[in-house]
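Here is the structure we will look at.
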Amino acid sequence: MAEITKSQLSGLTEPIWRIRLRLLRRSFIENWRLFREYPIGMIGLGIIAVFGLMAVAHPILMEYVWEPRVYDPVIGYDISILAHPSQPSSTHILGTDPLGRDVLSQLLYGTRFGFSLGISAALVSVIVSTSIGALSAYYGGIVDVFFMRLADVVIMLPFIAILIVLSALIEFNGLSLALVYGILVGFGGQTIVIKSQALSIKVKPYIEAARAAGGSDGHIIFTHLIPNLMPLSFLYMMFTVTGAVFAEAALSFFGLLNIRMSWGIMINTAQAAGYLLAGPEYLHLMLPAGLAITMLCSSFYMVGRALDEVVNPRLRQR
Amino acid sequence: MSQSSEPPINEKTLIEVKNLKKYFPVKSGILQRIRGWVKAVDDVSFVIEEGETLGLVGESGCGKTTLGRTMLRLVESTAGKVFFRGLNIFELSPQELKSMRRNLQIIFQDPYSSLDPSLAIGEQITEGLRIHSIGDREERREVLKELLHHVGLEDYHAKRYPHEFSGGQRQRIGIARALALRPVFIVCDEPVSALDVSIQAQILNLLKDLQRDFNLTYLFIAHNMGAIEHISDRVAVMYLGKIVELAPRDQLFKNPFHPYTQALMSAIPSADHHRHKQRIILAGDVPSPLDPPSGCRFHPRCPAAFKPCPIEEPPLKEISPGHWVACWLME
């Protein structure tokens, strides 16, 4: 009996990070049960899983199956084929591009890039928007006014145009693009949404109870405010992934990114060599990349929509 | 307010509220100009003695909750003083205030929004201990166990989350959280009004038991006269930001003086047919605290209003030992 009591009360003896971890797992299981009821989310998750497999497959294929000289997504060249681009064949399932590189290899390589770009941009945006939203809701006043007006300005900016202008000033690679895009989104509309949620949490009596117990502002923000904002922040991460992948494709298409290979660059290559509208026999140059962009964007969007239903009690159908 | 109208102070005084005011600005327009003030608490003075329960009753929006929150400095006051054992709470430095908070706690009305849904209740109950770095983990665990038993919960509840509890249990958790720092004074802000009637009695009795065990002093805010009668030693009646009558419980319930108190009393439902009294129905609504009536604030609805009422505000005066009334009828 004594042991049972001990283990039952272990919540207070274990370090805070383990409590948080357990809490995360618990809410994850609970939310997963709700999430599963939305087919749209499950489809999105399925597509993401397929992309995940593709991203993992590329390094393995390069190591064990494909000859790097022939199949490298950037410097590979198949000398056994006389004229590039070539049609899909048994050696090159999706054919080769105008520079003699394997399209499938590029597609798989681009998946990895698209994923890491989208997720890092989403992380940046969510860190920015959650902290700014929480601070301006909690402190209000001039801090609030400043960040909200800034958000209004950022919302008005056309992101792609801004990124094109910025690319003249800084050389974008994957990381810096993720950073800039994440910051733009983080200071924009996302902050406003998170802040309005934070405002409704701020007036809850448990915040007041924490203050009555002597809790400092920092204590209240980190123990009560931000943990209760996380579900919403997580939802907005999903939407940022979509935007970041799209922005990357657009910038790559214009040839403004300093990256080795991506879906946008694949389309750019086809366009630069004049195959963009060359007819259905050259569709294999753009279609895989174009489809991949569409699918990845919509899959994260679908997951986001389903998550929205889960975390937003007003939308929950029960 | 004249000197004579202030309640006496003796060595048993725990809390002394002096001319406390809390006005909320009303802003409008693009420039957010201040158009007026809502006088939620307007020049209120009273004392609370060590170990007693002061009931505070009044209808919705009369400033009861604001008074409780202002006394604990959860909202900053507009004017006035609140002394805790002779120490003015409003003049404490942030450091002093933090340690003062250990003595002053609050129990909230809504058991659903008063607990953080993302934290295990064990963590929430011991939050104050962590904030004040009291004890190590082992000791805090012991304290938690003790607190849970005190409020009638079990050890294994510590790891559960608020949504797994009923309203009554949640209120018990809220009480345990308030008790964790071993406070001297607790503001009970309508702790039972959101609960089922059957649970209300349990919680009221729990509060009474805890008061005995921990030697607590309560400010018990409610609009339910039954709950007030059950738990209070003295009762203050509030109307539109002012205290209109303050008396020992039995005195107030047997012999209410102020017409507003009489109206409140007549509204208590009674199961006893023989005790059936004339129901006093007040005309009209509570006037806006933004623009309170002149003189006595109750005069537009008062069945006994006469000449001086709209002109001058009646002072709070002692009509019999311990029975304070603010009404021109006593003259």
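Chain labels run A, B, ... following the order of the structure tokens; each chain numbers its residues from 1, and ligands are numbered from 1 in the order shown.
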Which chain B residues have any atom within 6 Å of an atom of chain A, and for each, what is the nearest pair of atoms with distance in Å to one decimal, counting only C-alpha atoms, rows sorted by chain and number, as a tab-separated table?
residue	atom	partner	partner_atom	distance
B:Lys98	CA	A:Gly214	CA	4.9
B:Arg101	CA	A:Gly214	CA	5.7
B:Ser113	CA	A:Lys204	CA	6.0
B:Ser114	CA	A:Tyr206	CA	4.5
B:Leu115	CA	A:Tyr206	CA	5.2
B:Asp116	CA	A:Tyr206	CA	5.8
B:Gly128	CA	A:Ala213	CA	5.0
B:Ile131	CA	A:Gly215	CA	6.0
B:Arg137	CA	A:Thr13	CA	5.4
B:Tyr156	CA	A:Gln8	CA	5.4
B:Lys159	CA	A:Gly11	CA	6.0
With N, CA and C atoms kept, could you save the residues just selected as a compact mmCIF listing (two decimals), in the first residue's frame?
# COMPACT_ATOMS: atom_id res chain seq x y z
N LYS B 98 5.05 40.12 -1.63
CA LYS B 98 5.13 38.69 -1.94
C LYS B 98 5.04 37.85 -0.67
N ARG B 101 1.56 37.96 0.85
CA ARG B 101 0.56 37.15 0.17
C ARG B 101 0.37 35.77 0.81
N SER B 113 -13.31 27.58 -13.96
CA SER B 113 -12.24 28.39 -14.54
C SER B 113 -11.18 28.75 -13.50
N SER B 114 -11.36 28.31 -12.26
CA SER B 114 -10.37 28.70 -11.25
C SER B 114 -9.21 27.71 -11.17
N LEU B 115 -9.27 26.62 -11.95
CA LEU B 115 -8.14 25.69 -11.98
C LEU B 115 -7.56 25.65 -13.38
N ASP B 116 -6.24 25.62 -13.46
CA ASP B 116 -5.56 25.59 -14.74
C ASP B 116 -5.74 24.21 -15.38
N GLY B 128 1.92 27.55 -4.60
CA GLY B 128 2.35 28.59 -3.69
C GLY B 128 3.61 28.21 -2.93
N ILE B 131 6.44 28.69 -5.25
CA ILE B 131 6.73 30.11 -5.46
C ILE B 131 7.53 30.67 -4.29
N ARG B 137 11.07 18.76 -2.13
CA ARG B 137 10.02 17.99 -2.80
C ARG B 137 9.31 17.05 -1.83
N TYR B 156 -4.39 9.83 -4.37
CA TYR B 156 -4.21 9.56 -5.80
C TYR B 156 -4.81 10.65 -6.68
N LYS B 159 -2.39 13.45 -8.96
CA LYS B 159 -1.87 13.38 -10.32
C LYS B 159 -2.92 13.62 -11.38
Q. Which residues come within 10 Å of Arg69 of chain A, counting only C-alpha atoms, excluding same-chain residues fewer than 6 positions away, as a list in words?
A.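 Everything that qualifies: Met62, Ile75, Gly76, Tyr77, Asp78, Ile79 and Arg101 of chain A.
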Q) Of the candidates A:Pro288, A:Gly46, A:Pro39, A:Pro231, which one gets nearest to Val310 of chain A if we count only C-alpha atoms? A) A:Pro231
Q: Write out as a ChimeraX atom specification each polymer residue whose atoms come within 7 Å of Pro314 of chain B, counting only C-alpha atoms; drop sequence neighbours fewer than 5 positions from it.
A: /B:296,326-328
Q. Running DSSP on the backbone, which parts of segment 149-262 of chain A land in alpha helix (DSSP H), as a PyMOL selection string?
A. chain A and resi 149-156+159-169+174-187+189-202+205-212+217-220+226-253
Q) Ile226 of chain A: which residues within 12 Å, counting only C-alpha atoms, same-chain residues fewer than 2 positions away excluded, as number ranges by chain? A) A: 126-127, 129-135, 137-138, 194-195, 197-199, 201-202, 207, 218-224, 228-234; B: 116, 118
Resulting file, chosen residues, N, CA and C atoms, as a short mmCIF file (atom, residue, chain, number, x, y, z; two decimals), in the first residue's frame:
data_model
loop_
_atom_site.label_atom_id
_atom_site.label_comp_id
_atom_site.auth_asym_id
_atom_site.auth_seq_id
_atom_site.Cartn_x
_atom_site.Cartn_y
_atom_site.Cartn_z
N VAL A 126 6.29 30.14 -34.63
CA VAL A 126 5.51 29.85 -33.45
C VAL A 126 6.19 30.39 -32.19
N ILE A 127 7.52 30.36 -32.18
CA ILE A 127 8.24 30.92 -31.03
C ILE A 127 8.01 32.42 -30.98
N SER A 129 5.53 34.23 -32.45
CA SER A 129 4.15 34.67 -32.23
C SER A 129 3.66 34.34 -30.82
N THR A 130 4.08 33.19 -30.28
CA THR A 130 3.62 32.85 -28.93
C THR A 130 4.20 33.80 -27.90
N SER A 131 5.49 34.10 -28.03
CA SER A 131 6.06 34.97 -27.00
C SER A 131 5.53 36.39 -27.14
N ILE A 132 5.45 36.89 -28.38
CA ILE A 132 4.94 38.26 -28.56
C ILE A 132 3.46 38.33 -28.15
N GLY A 133 2.70 37.33 -28.58
CA GLY A 133 1.27 37.33 -28.24
C GLY A 133 1.05 37.28 -26.74
N ALA A 134 1.80 36.40 -26.06
CA ALA A 134 1.65 36.27 -24.61
C ALA A 134 2.05 37.57 -23.91
N LEU A 135 3.17 38.15 -24.34
CA LEU A 135 3.64 39.38 -23.69
C LEU A 135 2.67 40.53 -23.90
N ALA A 137 -0.48 40.46 -24.62
CA ALA A 137 -1.75 40.26 -23.91
C ALA A 137 -1.56 40.48 -22.42
N TYR A 138 -0.44 39.99 -21.88
CA TYR A 138 -0.25 40.06 -20.43
C TYR A 138 0.01 41.49 -19.97
N ILE A 194 -2.94 34.54 -31.50
CA ILE A 194 -2.43 34.02 -30.23
C ILE A 194 -2.69 35.02 -29.11
N LYS A 195 -2.56 36.30 -29.45
CA LYS A 195 -2.77 37.30 -28.41
C LYS A 195 -4.21 37.31 -27.94
N GLN A 197 -6.24 34.86 -27.89
CA GLN A 197 -6.41 33.68 -27.03
C GLN A 197 -5.80 33.95 -25.65
N ALA A 198 -4.60 34.56 -25.66
CA ALA A 198 -3.92 34.86 -24.39
C ALA A 198 -4.75 35.81 -23.54
N LEU A 199 -5.45 36.74 -24.21
CA LEU A 199 -6.29 37.68 -23.47
C LEU A 199 -7.39 36.95 -22.71
N ILE A 201 -7.25 33.91 -21.66
CA ILE A 201 -6.67 33.11 -20.58
C ILE A 201 -6.25 34.01 -19.41
N LYS A 202 -5.79 35.19 -19.77
CA LYS A 202 -5.25 36.11 -18.77
C LYS A 202 -6.27 36.46 -17.68
N ILE A 207 -5.22 32.41 -13.03
CA ILE A 207 -4.11 33.38 -13.14
C ILE A 207 -4.10 34.24 -11.87
N GLY A 218 6.69 36.54 -14.57
CA GLY A 218 7.37 35.49 -15.32
C GLY A 218 6.80 34.12 -14.98
N HIS A 219 6.57 33.90 -13.70
CA HIS A 219 6.01 32.63 -13.26
C HIS A 219 4.65 32.40 -13.91
N ILE A 220 3.81 33.43 -13.90
CA ILE A 220 2.46 33.29 -14.44
C ILE A 220 2.51 33.05 -15.95
N ILE A 221 3.37 33.80 -16.64
CA ILE A 221 3.45 33.65 -18.09
C ILE A 221 3.93 32.26 -18.46
N PHE A 222 4.97 31.77 -17.76
CA PHE A 222 5.55 30.49 -18.18
C PHE A 222 4.80 29.27 -17.63
N THR A 223 4.19 29.39 -16.45
CA THR A 223 3.50 28.20 -15.92
C THR A 223 2.04 28.13 -16.34
N HIS A 224 1.42 29.27 -16.56
CA HIS A 224 -0.02 29.22 -16.83
C HIS A 224 -0.39 29.69 -18.22
N ASN A 228 -1.09 27.02 -21.81
CA ASN A 228 -2.46 26.99 -22.30
C ASN A 228 -2.60 27.56 -23.71
N LEU A 229 -1.52 28.19 -24.20
CA LEU A 229 -1.54 28.70 -25.58
C LEU A 229 -1.03 27.66 -26.56
N MET A 230 -0.31 26.65 -26.05
CA MET A 230 0.38 25.72 -26.93
C MET A 230 -0.50 25.02 -27.97
N PRO A 231 -1.69 24.55 -27.62
CA PRO A 231 -2.49 23.88 -28.64
C PRO A 231 -2.74 24.77 -29.86
N LEU A 232 -3.06 26.03 -29.59
CA LEU A 232 -3.34 26.95 -30.69
C LEU A 232 -2.06 27.24 -31.48
N SER A 233 -0.95 27.43 -30.77
CA SER A 233 0.33 27.68 -31.44
C SER A 233 0.67 26.54 -32.37
N PHE A 234 0.43 25.33 -31.88
CA PHE A 234 0.75 24.14 -32.65
C PHE A 234 -0.08 24.10 -33.93
N ASP B 116 -6.24 25.62 -13.46
CA ASP B 116 -5.56 25.59 -14.74
C ASP B 116 -5.74 24.21 -15.38
N SER B 118 -4.30 22.73 -17.64
CA SER B 118 -3.13 22.04 -18.17
C SER B 118 -2.18 21.56 -17.07
#
Q) Quick one, how far is atom CA of Glu229 of chain B from atom CA of Asp250 of chain B? A) 8.3 Å
